[in-house]
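What follows is one structure encoded as C-alpha cells, with my remarks underneath.
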Amino acid sequence: MNDQPLEDVPIKAAVKGSEIVKSLRFRLEILLLIIAVPAIAIIIQMGVMERARLLEERAEKTDAITAQMGRAQARRIDETRAFLIELAQAPALQDPGSPECGAFLAGVLPLVPNYLNLGVSDASGKMVCAGAAGAEPVDLGDQGYFQKTMQEGGFNAGTYMFDRGLQQASIGFSYPVRTKDTGDIAGVLIAFVALDWWSDRLAEESLPENSVAYIIDSHNQMVATFPKQEDLHGRAAKNWQRTETAETFDAGDGVRRVYSHRVFYDGGADQKLFLSLGLAGDEALQGARNRILLHLALITAVVVLLWRFAVRVMERTVYKPFNALHREVVRLVDRQGGSDSAAPPVSASSVTEIDALTQSIRGISNERQEAEADRQHRVETMSALLEALPDTYFRVGPEGEILDYRAYNEADLYLSPETFLGSKFTDILPADLGAKFEEIRLKVVETGGVPAWEYTLGVAGKTQHFEARVCPVSDRKETIFVIRNISDRHEAEMMQRAAEERLDLIIRNLPGAVIQSEYGAEGQAKITYVSPKCEAIWEASAEEILADPGILSRAHDPDDLVQFRELRRQALETGAQFQHRYKITSRSGVTRWLDFFGSQPRSKSDGAKVVEAFFLDVTREIEAQHRFEHEREVSSRAQKNEAIGQMTGGVAHDFNNLLAVIMGNLELLLDEIEQEEHRQLITGSINATKRGADLTGNMLAFARKARLEPEIIDLNRLVSDAGNWIGRTLSARISVETTLLAGLWKITADPSSTESALLNLIVNARDAMPEGGSLTIETANMRIDQTYVDSRLAELEPGRYVMLAVSDTGHGMSEDTVQHVFDPFFSTKAPGAGSGLGLSMVEGFMQQSGGTVQVYSEPDVGTTFKLYFPVNADEPDAIVAPPIERSDADHTQSGRILAVEDEAEVLAILVTVLEKAGYEVVEAASGDQALEIFTRDPDGFDMLLTDIVMPGKLQGTTLSRRLRELAPELPVVFMSGYASESTIHGNGLRPEDIRLMKPVQRRDLLAAVFKAVTTGLKQPPSS
C-alpha cells in the first residue's frame, strides 16, 4: 500500500464500537442461558416427580377407603337380597293379581323405610300388585334385570327409575315369586330402593373433608351421591367419575380430587353397580407447586445477579478503555493538524485507521449522550407525574435511613417532617408498624418485587387508613416508599359493605326468592340478580339460573305460561305492579305453587326496564287448603257414621233392656204355668226374644263382602313364619316375644288375609311404641259359650275357637278412642301416616271368617287385640277348661246380694229371680244410693250385682272400686247392654270378676251369681 497525504485520506469508521459492545452482550446472554436452562429443567423434573409421588400416595388412600365403602354397599345389597328371598315366600304373593297381595305389601312397606315401593309383576313385566298408594303403573318388560330374573330365576339389580306418581327416584331389585305346587315363576317381586335413603347412608360413612362419592348403575347413571345432590340423580356420570388413573379432576366446585372406582355388585353383563370416590388432592399438590415456584424464583434471582455483575465488569473492562483510547486518538489527530513541523509525519493508512476508530468511539459517545438526554426526559416526566399524584414518597438508603421525601399532605404525617431525614421508620413509627416497614424493605432489597399493604395509624387523634408500596431502585440498595391516605375510600367501602350486608341479610331472611330482570326495548329479557333462596324453589343455584334463564320457563306450568307472559307484558307497558299464582315442576319432579309479586318497572337511560320480582312458595298453603277440603269431606262422612253408630248403639241398649224385661217375665211365667200348651207358647216367646237379641247384634255389626279362599291353617306356623322377617323390620328398641300353645287347634281361614290382619296389628303396635317397648304374640285354644257371646254382642256361635292375641306396651287408648277404633277412616295417627281402614278391614275379615276381634286398652299401659278363629270342623277335640257348671245354680242357695240397676222393670226381674233362688236381695236404683246402703253395713253383703252405665256420679266400675275400699274381697258381677268392654276395662277390674251381656237368661244369671258368691266365701278375710 502506497502512503497518501493526510488530506486525501477519507476518515471513515470501519468498525463501530457499539457493534462490538452488542456482540459482547449477545455472547453474555447466550452464556447465561446455557447456565439457566438446564437448572430450570432439573427443578421442573424434580417437581413433576414429587407431584407423581404425592398423587400415588393419595390414590392408594382413595383405593383403601373405596374398598371399605364398597364392602358396606355390598352388605346393603345382600340385605336386600335376603329380604326379597324371605318376602317371596309369603302366601299373599302367590297370586299377584289378588287384592290380598296389595294389602299385604301395603302393610309391609311402612316397616322398611329404605324402600320407596314394593310390588309384584306378572310374567309380561306389568306391575299388578304394589304396596305404595299413588305409585305410577310400571311396565318392566323391557328392563334387563326383569328379563334376567324371568329367565334365570335369581336376584338381580336394575337401573335408575323415577316414579312420577310418588315424585321420587329409585333403583329396582328383583327376585322371582314361585308357586308352592309346581315351583314355576308366578311373578317377579320388585323392591324399589329410595335414592334419597341411599344418599343419606353414604353421608354416614364419615368421609374426609371435601370428599365426594357416587353410586353408578350399569347404564352409567348416578343413583346416589355424597354430598347429597338430588339434581345429579339419573344423570350420566363423567369420565373422571369412573377413571382408574391417579390423576386429579375438578367436579365443578373448584376442588381437584383423586378418584377411585370399584364394582361392589356384579350380576353379569349389564347387571353391575359401581362406587366412585374422590378425595381432595389440592392441599398436598399445592405444597409441591409452591416448592417448584420457590426454586424457580431462586434461579431467576441468580440469573439477574449474574447479569448485573456482567454489566459492571463490562463497564470496567470495555467502556472505560474505549473512552481512554478515544481521548488519545483525538489528541493525536489534533497534533497532526498543528504547526509542529518537528513531529514525524503520519502515514495515510495510519490516519485512516485512527479516523475509523475515532468515529466509532464518537458514535458510542453520542449514543450515550442521547440515552442520557432521554433518561433525563423520562426523569422529568416521572417527577411531574409524581407531583400530580396524591401520594407521599420516601427514598430510603441501604441501611434503612430516609434520604429524601415529598409530602402530598403534611397533615397525613405521623411526626414533624424535620425529624424524617436521616431517621429510620423504626425510629419514627410505632414499634410494631416500624418493624413491619423494615421487614418489608429488607425483603424487597433481597428478592425484588413491589409489595403493597394497608395499615392504620393514629394521626392528630384520629385513626387514618393508609396504603403503602415499596419498589427497589435499580443498581442500588435503595428503596422508594409510596404512601397514600385511603381513609375516605376505606370509609366508603365500609359503608357500601354494610349496605350490601344489610340488603343481603334482608334478602336471605325473606321467606321467598328475589329475582331482578332487565327487559330491553324490543322485549328481550336478561336476569341480572338471583337470591340464594331460589335453590330451595327451583332446585337450581343462582349461578345456574343466571347462565340459563330458561330453567324458570321450563319449570313453569305450560298451561299457565302464556297467560303469565301476557300479564308481564301488560305490566311493562302500563308501568303497574302485578301478581300471579302458578305452579312449577322442579328438577326432581316435585310440584310447587308460587305467588309472584312483580314491582313497578324502572326505566334506564338506554330505554330498558328493570323489574324486581318476589317469588313466595305457597305449596303448604295450597296443600293445607286441599287437606282442609278433604278433611271436611271425611269429617262429614265420619259425623254421619258416628251419628248412625250412636243411634244404633242407643237403640240396641234400650231394646236390650226391653228384651231383658220380656225374657225375665216369660221365664218367671214358665216356672209358674204347668199346662204344656201354655208352656210351649212361652218357650216360643223366649226363643223370639233371643232372636231379638241376635237382631241387636246384627244392627251393630259392620258388614264386609270380600272374596276369601279358606284353607286349613296352623296359626303357630303362620306366626313363626311371619316372625322370621317381621322381627328384622321392627325397631331394635322393640323386643318381640311369642307364646305359642302346643297342640293348637287348626283353623279354616284365608292365609293371605290372616297374614294381612296380623301385619296390621303389628304395625299398629309398632306405631304405638315410638320410644320402644315389648310386643307379644300369643295363641291359645278357647271354648266360647253363650255367656261370652251375649256379653260382647258378638256374631259368634258357641263352640271351639283359636285365639291369636297381639299385645304392646305402648301409649294405649282412651275409652272414647276404643269406641271408634273399628270405624272406617278413623285413625289416631298423624295426618298422612294412616288411612284409618286397617282395623276396619281386620274386623270385616274376622266377621266374614266366622270369628271376631276384641280390643282391650289402658292409657299409658298398653293395648291387646284378640282374634277369635273358629276351629276346623274336622279338628279333634282337646282338653280345655270346662265351662261353668250350672247344676248347682239350679238349687236353692243363700247369700245377701246388693243389686244395682237404674231400669225399674229390669231390677224387679232380677230381684224376683234371685229371691226365688234363695238369695236375700237389697236393691238400689243408682250407684250413689248403693254406696249409701253399703256404707251402713259393709260386712253384711256377700256380692255386688251392678249395671255399668247408670245415672248419677258413680257408674258400675267406680261403684265397685269404692265398695272394695270398704270390703276388699267383695265379689262383683257386672251387667251391660253394650257390646264394648272398654267401659269397664282399666277401672280396677279383677280377673275373677264376671261380666254379663243383657239380656241375661235366668240360668246364666244364677250360674254367675253362684260362682261369684262361692268364690267370695272361699277367700280368706283381709287383714
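Note on naming: chains are A, B, ... as they come in the C-alpha cells, residues start from 1 per chain, ligands start from 1 in the order shown.
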Exercise for the section: Would you mind listing what lies within 6 Å of Arg783 in chain A as a list in words, with only C-alpha atoms counted and same-chain residues fewer than 5 positions away left out? Expected result: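 Once the nearby chain positions are removed, what remains is Gly799, Arg800 and Tyr801 of chain A.
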Practice task
Mind checking which residues fall within 10 Å of Gly134 in chain A, counting only C-alpha atoms, ignoring those fewer than 6 positions away in the same chain, and posting them as a PyMOL selection string?
Solution key: chain A and resi 163-167
Using only N, CA and C atoms, please write the residues we just selected to a file, as a short mmCIF file (atom, residue, chain, number, x, y, z; two decimals), in the first residue's frame.
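Below you can see selection_12.cif, which holds the result:
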data_model
loop_
_atom_site.label_atom_id
_atom_site.label_comp_id
_atom_site.auth_asym_id
_atom_site.auth_seq_id
_atom_site.Cartn_x
_atom_site.Cartn_y
_atom_site.Cartn_z
N ASP A 163 -90.38 -42.37 39.64
CA ASP A 163 -91.82 -42.63 39.77
C ASP A 163 -92.55 -41.29 39.79
N ARG A 164 -93.25 -40.99 38.71
CA ARG A 164 -93.96 -39.70 38.62
C ARG A 164 -95.14 -39.65 39.57
N GLY A 165 -95.68 -40.80 39.91
CA GLY A 165 -96.79 -40.80 40.86
C GLY A 165 -96.34 -40.41 42.26
N LEU A 166 -95.23 -41.01 42.69
CA LEU A 166 -94.69 -40.71 44.03
C LEU A 166 -93.72 -39.55 44.01
N GLN A 167 -93.34 -39.08 42.80
CA GLN A 167 -92.43 -37.95 42.67
C GLN A 167 -91.09 -38.21 43.37
#
Practice task
Using DSSP on the backbone coordinates, identify the residues of range 371-507 of chain A assigned to strand (DSSP E); present them as a ChimeraX atom specification.
Solution key: /A:392-396,402-406,452-459,462-472,479-485
Practice task
Tell me, as an NGL selection string, which residues lie within 10 Å of Gly458 in chain A, counting only C-alpha atoms; anything in the same chain fewer than 5 positions away does not count.
Solution key: :A and (412-414 or 430 or 463-465)
How would the residues just picked look written out with all heavy atoms as a JSON list (two decimals), in the first residue's frame?
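Wrote it out as part.json, contents follow:
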[["chain", "number", "residue", "atom", "x", "y", "z"],
["A", 412, "ASP", "N", -51.06, 14.34, 56.93],
["A", 412, "ASP", "CA", -51.07, 12.89, 56.99],
["A", 412, "ASP", "C", -49.83, 12.33, 57.68],
["A", 412, "ASP", "O", -49.75, 11.12, 57.91],
["A", 412, "ASP", "CB", -51.15, 12.29, 55.57],
["A", 412, "ASP", "CG", -52.48, 12.62, 54.90],
["A", 412, "ASP", "OD1", -53.43, 12.94, 55.62],
["A", 412, "ASP", "OD2", -52.54, 12.57, 53.65],
["A", 413, "LEU", "N", -48.82, 13.18, 57.99],
["A", 413, "LEU", "CA", -47.58, 12.70, 58.56],
["A", 413, "LEU", "C", -47.74, 12.46, 60.05],
["A", 413, "LEU", "O", -48.38, 13.23, 60.77],
["A", 413, "LEU", "CB", -46.45, 13.71, 58.30],
["A", 413, "LEU", "CG", -46.15, 13.97, 56.83],
["A", 413, "LEU", "CD1", -45.02, 14.97, 56.70],
["A", 413, "LEU", "CD2", -45.79, 12.67, 56.11],
["A", 414, "TYR", "N", -47.10, 11.38, 60.50],
["A", 414, "TYR", "CA", -47.21, 10.97, 61.91],
["A", 414, "TYR", "C", -46.45, 11.94, 62.82],
["A", 414, "TYR", "O", -46.90, 12.23, 63.93],
["A", 414, "TYR", "CB", -46.65, 9.56, 62.04],
["A", 414, "TYR", "CG", -46.72, 8.98, 63.44],
["A", 414, "TYR", "CD1", -47.94, 8.73, 64.05],
["A", 414, "TYR", "CD2", -45.56, 8.68, 64.14],
["A", 414, "TYR", "CE1", -48.00, 8.20, 65.32],
["A", 414, "TYR", "CE2", -45.61, 8.15, 65.40],
["A", 414, "TYR", "CZ", -46.83, 7.91, 66.00],
["A", 414, "TYR", "OH", -46.89, 7.38, 67.27],
["A", 430, "PRO", "N", -44.66, 3.75, 65.34],
["A", 430, "PRO", "CA", -44.84, 2.80, 66.46],
["A", 430, "PRO", "C", -44.04, 1.53, 66.22],
["A", 430, "PRO", "O", -43.79, 1.13, 65.07],
["A", 430, "PRO", "CB", -46.35, 2.55, 66.46],
["A", 430, "PRO", "CG", -46.94, 3.78, 65.85],
["A", 430, "PRO", "CD", -45.95, 4.24, 64.82],
["A", 463, "THR", "N", -57.97, 8.00, 63.75],
["A", 463, "THR", "CA", -57.43, 6.83, 63.06],
["A", 463, "THR", "C", -57.53, 7.03, 61.56],
["A", 463, "THR", "O", -58.62, 7.29, 61.03],
["A", 463, "THR", "CB", -58.18, 5.56, 63.47],
["A", 463, "THR", "OG1", -58.04, 5.38, 64.88],
["A", 463, "THR", "CG2", -57.62, 4.34, 62.76],
["A", 464, "GLN", "N", -56.38, 6.93, 60.89],
["A", 464, "GLN", "CA", -56.32, 7.09, 59.44],
["A", 464, "GLN", "C", -55.91, 5.75, 58.81],
["A", 464, "GLN", "O", -55.16, 4.97, 59.41],
["A", 464, "GLN", "CB", -55.31, 8.17, 59.05],
["A", 464, "GLN", "CG", -55.61, 9.55, 59.59],
["A", 464, "GLN", "CD", -56.79, 10.19, 58.88],
["A", 464, "GLN", "OE1", -57.05, 9.90, 57.72],
["A", 464, "GLN", "NE2", -57.50, 11.07, 59.58],
["A", 465, "HIS", "N", -56.40, 5.50, 57.61],
["A", 465, "HIS", "CA", -56.09, 4.29, 56.87],
["A", 465, "HIS", "C", -55.16, 4.65, 55.72],
["A", 465, "HIS", "O", -55.43, 5.61, 54.96],
["A", 465, "HIS", "CB", -57.36, 3.63, 56.34],
["A", 465, "HIS", "CG", -58.27, 3.14, 57.43],
["A", 465, "HIS", "ND1", -58.24, 1.86, 57.92],
["A", 465, "HIS", "CD2", -59.24, 3.79, 58.14],
["A", 465, "HIS", "CE1", -59.15, 1.73, 58.86],
["A", 465, "HIS", "NE2", -59.76, 2.89, 59.02]]
Problem - Closest of A:Asp937, A:Phe162, A:Asp78, A:Phe192 to Val120 in chain A - atom-to-atom distances counting only C-alpha atoms - result: A:Phe192
Practice task
Go through range 803-952 of chain A and collect every residue that DSSP, computed from the backbone, puts in alpha helix (DSSP H); the answer should be as a ChimeraX atom specification.
Solution key: /A:815-820,838-848,904-916,927-936
With C-alpha atoms retained, could you export that selection as an mmCIF file, in the first residue's frame?
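Output contents, as saved in part_4.cif:
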data_model
loop_
_atom_site.group_PDB
_atom_site.id
_atom_site.type_symbol
_atom_site.label_atom_id
_atom_site.label_comp_id
_atom_site.auth_asym_id
_atom_site.auth_seq_id
_atom_site.Cartn_x
_atom_site.Cartn_y
_atom_site.Cartn_z
ATOM 1 C CA GLU A 815 -112.314 -45.143 76.266
ATOM 2 C CA ASP A 816 -113.599 -42.834 73.559
ATOM 3 C CA THR A 817 -110.878 -43.945 71.123
ATOM 4 C CA VAL A 818 -111.627 -47.628 71.747
ATOM 5 C CA GLN A 819 -115.282 -46.946 70.987
ATOM 6 C CA HIS A 820 -114.338 -45.824 67.443
ATOM 7 C CA GLY A 838 -106.679 -51.188 58.714
ATOM 8 C CA LEU A 839 -108.663 -52.246 61.778
ATOM 9 C CA SER A 840 -111.943 -51.903 59.900
ATOM 10 C CA MET A 841 -110.628 -54.428 57.367
ATOM 11 C CA VAL A 842 -109.480 -56.731 60.170
ATOM 12 C CA GLU A 843 -112.946 -56.625 61.727
ATOM 13 C CA GLY A 844 -114.628 -57.319 58.402
ATOM 14 C CA PHE A 845 -112.315 -60.252 57.669
ATOM 15 C CA MET A 846 -112.908 -61.801 61.074
ATOM 16 C CA GLN A 847 -116.680 -61.439 60.781
ATOM 17 C CA GLN A 848 -116.679 -62.978 57.322
ATOM 18 C CA ALA A 904 -137.011 -50.367 87.481
ATOM 19 C CA GLU A 905 -138.525 -53.196 85.435
ATOM 20 C CA VAL A 906 -135.147 -54.904 84.910
ATOM 21 C CA LEU A 907 -134.376 -54.506 88.626
ATOM 22 C CA ALA A 908 -137.700 -56.059 89.561
ATOM 23 C CA ILE A 909 -136.997 -59.122 87.383
ATOM 24 C CA LEU A 910 -133.505 -59.500 88.905
ATOM 25 C CA VAL A 911 -134.855 -59.303 92.441
ATOM 26 C CA THR A 912 -137.585 -61.885 91.701
ATOM 27 C CA VAL A 913 -135.191 -64.385 90.057
ATOM 28 C CA LEU A 914 -132.603 -64.102 92.851
ATOM 29 C CA GLU A 915 -135.099 -64.280 95.674
ATOM 30 C CA LYS A 916 -136.729 -67.380 94.149
ATOM 31 C CA GLY A 927 -124.584 -46.151 92.257
ATOM 32 C CA ASP A 928 -124.850 -43.273 94.724
ATOM 33 C CA GLN A 929 -127.758 -44.969 96.557
ATOM 34 C CA ALA A 930 -125.879 -48.287 96.572
ATOM 35 C CA LEU A 931 -122.818 -46.659 98.202
ATOM 36 C CA GLU A 932 -125.022 -45.166 100.916
ATOM 37 C CA ILE A 933 -126.655 -48.547 101.625
ATOM 38 C CA PHE A 934 -123.360 -50.443 101.666
ATOM 39 C CA THR A 935 -121.642 -47.886 103.923
ATOM 40 C CA ARG A 936 -124.218 -48.546 106.638
#
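Relative to CA of Ala722 in chain A, CA of Asp823 in chain A is found at 26.9 Å.
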Handout entry: Gap from CA of Leu741 in chain A to CA of Thr779 in chain A - Å, one decimal
Key =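 Spanning CA of Leu741 in chain A to CA of Thr779 in chain A is a straight-line distance of 5.7 Å.
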Exercise for the section: Give me the residues within 12 Å of Ile65 in chain A as a ChimeraX atom specification, counting only C-alpha atoms and dropping any in the same chain fewer than 2 places off. Expected result: /A:58-63,67-72,205-208,211-213,259-262,275-279
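What separates CA of Ile402 in chain A from CA of Phe425 in chain A is a distance of 7.9 Å.
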Problem - Within 10 Å of Ser926 in chain A using only C-alpha atoms, minus same-chain residues under 2 positions, as a list in words - result: Ala899, Val900, Glu901, Asp902, Glu903, Glu923, Ala924, Asp928, Gln929, Ala930, Leu931, Thr946, Asp947, Val949, Met950, Pro951, Gly952, Lys953, Leu954, Gln955, Gly956 and Leu959 of chain A
